[in-house]
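A.B. asks: Dumping the structure here so I can ask a few things about it.
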Amino acid sequence: MRVLIIEDDKELCDNISLTLKASGYETDVCHTGRDGLFLAERTPYDAIVLDRMLPEMDGIRVLEHLRRQNIQTPVILATALDGLTNRIDGLDAGADDYLGKPFAVEELMARLRAITRRSGSLPPSDPLSLSGLSLDPEQRLLSCGSASLTLSRRESSLLEFFMRNPCRTLPRSQILSYVWGACSEVEEGNLDNYVYFLRRRLKAIDAPVCLTTVHGIGYRLETENRQERILP
């Protein structure tokens with residue numbers, strides 16, 4: 001699935017792109033309305049994440065140009081202008097969904113899954129598997145052998161990120177951006193708490209994996225198969 005991100009905040013844009021790529025999406029990014037319109041007119045994207053307040057051409061004008069050309073790519077309009085009138089203007093201009101800033105990347109991904117399901121672009125997500133451990137992100141169901149349990153949304157999002165990047169050291173900032181959102185002001189202690197919760201969940205079903213603390217950097221999901229190579 002290929003997504004275009006049109007966002008003038010380069011750090012936010014990079015964080016969104018990074019987490020989408022970690023979940024298997026292909027992404028293109030740009031930082032002005034004119035560049036975004038140029039790419040959207042020439043490339044068949046499955047979805048577009050469009051900031052409303054852009055240099056050179058604002059998001060509403062970009063959206064109106066696309067719809068006038070009968071380009072029906074699903075669009076999520078993302079902006080700090082989250083009042084009722086602004087939402088109505090965005091939807092009337094042709095947006096498929098509207099997301100107020102700051103937002104968690106997990107919510108953005110859920111909305112991407114929803115609009116692409118409606119357009120027929122994306123099949124239902126398959127469960128993730130690692131060394132006998134299985135996670136169904138849609139149902140938030142974690143299972144190993146005959147044991148299973150349901151995770152909270154945060155726990156599921158956190159474990160999904162680890163399982164998509166097994167045996168890799170993930171920096172704390174990258175994990176926080178993925179689970180809580182690039183613009184969120186969440187304290188880092190919340191991440192430690194959820195890692196603790198997740199470790200208890202994994203232990204409860206005797207999962208053959210462990211969450212290892214990499215001091216000064218972040219965390220890594222390791223399997224019990226010590227022959228697997230640990231990537232930096």
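Quick note on naming: the chains in the structure tokens go A, B, ... in the order shown, residues restart at 1 in each chain, and ligands are numbered from 1 in order of appearance.
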Do a neighbour search on Leu66 in chain A at 9 Å with only C-alpha atoms, toss out local chain neighbours closer than 6 positions, and write the hits as a list in words.

C.D. replies: Leu37, Ala40, Glu41, Gln72, Thr73 and Gly94 of chain A

A.B. asks: Next, the residues of the selection above should be written as a compact mmCIF listing (two decimals), in the first residue's frame with N, CA and C atoms.

C.D. replies:
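The new file selection24.txt reads:
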```txt
# COMPACT_ATOMS: atom_id res chain seq x y z
N LEU A 37 0.33 18.37 -4.77
CA LEU A 37 -0.58 18.27 -5.90
C LEU A 37 0.11 17.64 -7.10
N ALA A 40 0.39 13.87 -6.40
CA ALA A 40 -0.92 13.22 -6.38
C ALA A 40 -1.55 13.12 -7.76
N GLU A 41 -1.22 14.08 -8.63
CA GLU A 41 -1.77 14.05 -9.99
C GLU A 41 -1.09 13.00 -10.86
N GLN A 72 -9.95 10.34 -7.13
CA GLN A 72 -10.74 9.96 -5.96
C GLN A 72 -9.94 9.22 -4.90
N THR A 73 -8.63 9.40 -4.89
CA THR A 73 -7.79 8.79 -3.85
C THR A 73 -8.31 9.18 -2.46
N GLY A 94 -14.04 17.42 -0.08
CA GLY A 94 -13.76 16.10 -0.64
C GLY A 94 -12.94 15.18 0.22
```

A.B. asks: Taking the backbone alone, and naming residues the way the document does, which bits of range 140-232 of chain A are alpha helix (DSSP H) by DSSP, as a PyMOL selection string?

C.D. replies: chain A and resi 153-164+172-180+188-204

A.B. asks: Would you write out those residues with C-alpha atoms, as a compact mmCIF listing (two decimals), in the first residue's frame?

C.D. replies:
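The resulting file, result.txt, is shown below:
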```
# COMPACT_ATOMS: atom_id res chain seq x y z
CA ARG A 153 -5.03 -0.64 22.55
CA ARG A 154 -1.73 0.77 23.76
CA GLU A 155 -0.35 -2.68 24.59
CA SER A 156 -1.40 -4.01 21.20
CA SER A 157 0.11 -1.07 19.32
CA LEU A 158 3.34 -1.36 21.30
CA LEU A 159 3.69 -5.10 20.73
CA GLU A 160 2.76 -4.74 17.05
CA PHE A 161 5.65 -2.30 16.59
CA PHE A 162 8.08 -4.69 18.30
CA MET A 163 6.86 -7.69 16.32
CA ARG A 164 7.27 -5.82 13.04
CA ARG A 172 12.53 5.40 22.89
CA SER A 173 11.64 8.43 20.74
CA GLN A 174 10.63 6.19 17.83
CA ILE A 175 8.45 3.99 20.05
CA LEU A 176 6.76 7.00 21.65
CA SER A 177 6.07 8.51 18.23
CA TYR A 178 4.54 5.27 16.93
CA VAL A 179 2.33 4.49 19.93
CA TRP A 180 1.37 7.91 21.28
CA GLU A 188 8.63 8.77 28.85
CA GLY A 189 7.65 7.03 32.08
CA ASN A 190 4.42 5.96 30.37
CA LEU A 191 6.46 3.89 27.94
CA ASP A 192 8.24 2.13 30.81
CA ASN A 193 4.88 1.39 32.44
CA TYR A 194 3.46 -0.16 29.28
CA VAL A 195 6.61 -2.21 28.70
CA TYR A 196 6.13 -3.53 32.24
CA PHE A 197 2.48 -4.36 31.50
CA LEU A 198 3.46 -6.06 28.26
CA ARG A 199 6.14 -8.14 29.93
CA ARG A 200 3.54 -9.44 32.39
CA ARG A 201 1.20 -10.28 29.49
CA LEU A 202 3.92 -12.18 27.66
CA LYS A 203 4.84 -14.08 30.81
CA ALA A 204 1.20 -14.97 31.44
```

A.B. asks: Near Asp9 in chain A, counting only C-alpha atoms, which residues have an atom at most 12 Å away, once you skip same-chain residues fewer than 4 positions from it, shown as a list in words?

C.D. replies: Ile5, Cys13, Asp14, Asn15, Ile16, Val29, Cys30, His31, Thr32, Leu50, Asp51, Arg52, Met53, Leu54, Pro55, Ala78, Thr79, Ala182 and Cys183 of chain A

A.B. asks: Hey, what does DSSP flag as strand (DSSP E) within range 14-165 of chain A? Can you give it to me as a PyMOL selection string?

C.D. replies: chain A and resi 26-30+47-51+75-79+97-100+128-130+133-136+141-144+147-150

A.B. asks: Which residues are near range 136-147 of chain A? Cut-off 8 Å, only C-alpha atoms, ignore same chain within fewer than 2 positions. Put them as a PyMOL selection string.

C.D. replies: chain A and resi 125-128+132-134+149-153+156-157+160+205-207

A.B. asks: Could you check which of A:Gly36, A:Glu56, A:Lys21, A:Tyr98 is closest to Asn165 in chain A, using only C-alpha atoms?

C.D. replies: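 Closest residue, counting only C-alpha atoms: A:Lys21.
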
A.B. asks: For CA of Met109 in chain A and CA of Ala47 in chain A, determine how far apart the two atoms are, in Å to one decimal place.

C.D. replies: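 Separation between CA of Met109 in chain A and CA of Ala47 in chain A: 11.0 Å.
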
A.B. asks: At what distance in Å, to one decimal, does CA of Ser17 in chain A lie from CA of Leu81 in chain A?

C.D. replies: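 Taking CA of Leu81 in chain A and CA of Ser17 in chain A, their separation equals 22.0 Å.
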
A.B. asks: Could you list, as an MDAnalysis selection string, every residue within 6 Å of range 213-225 of chain A, counting only C-alpha atoms and ignoring same-chain residues fewer than 4 positions away?

C.D. replies: chainID A and resid 162 166:172 208:209
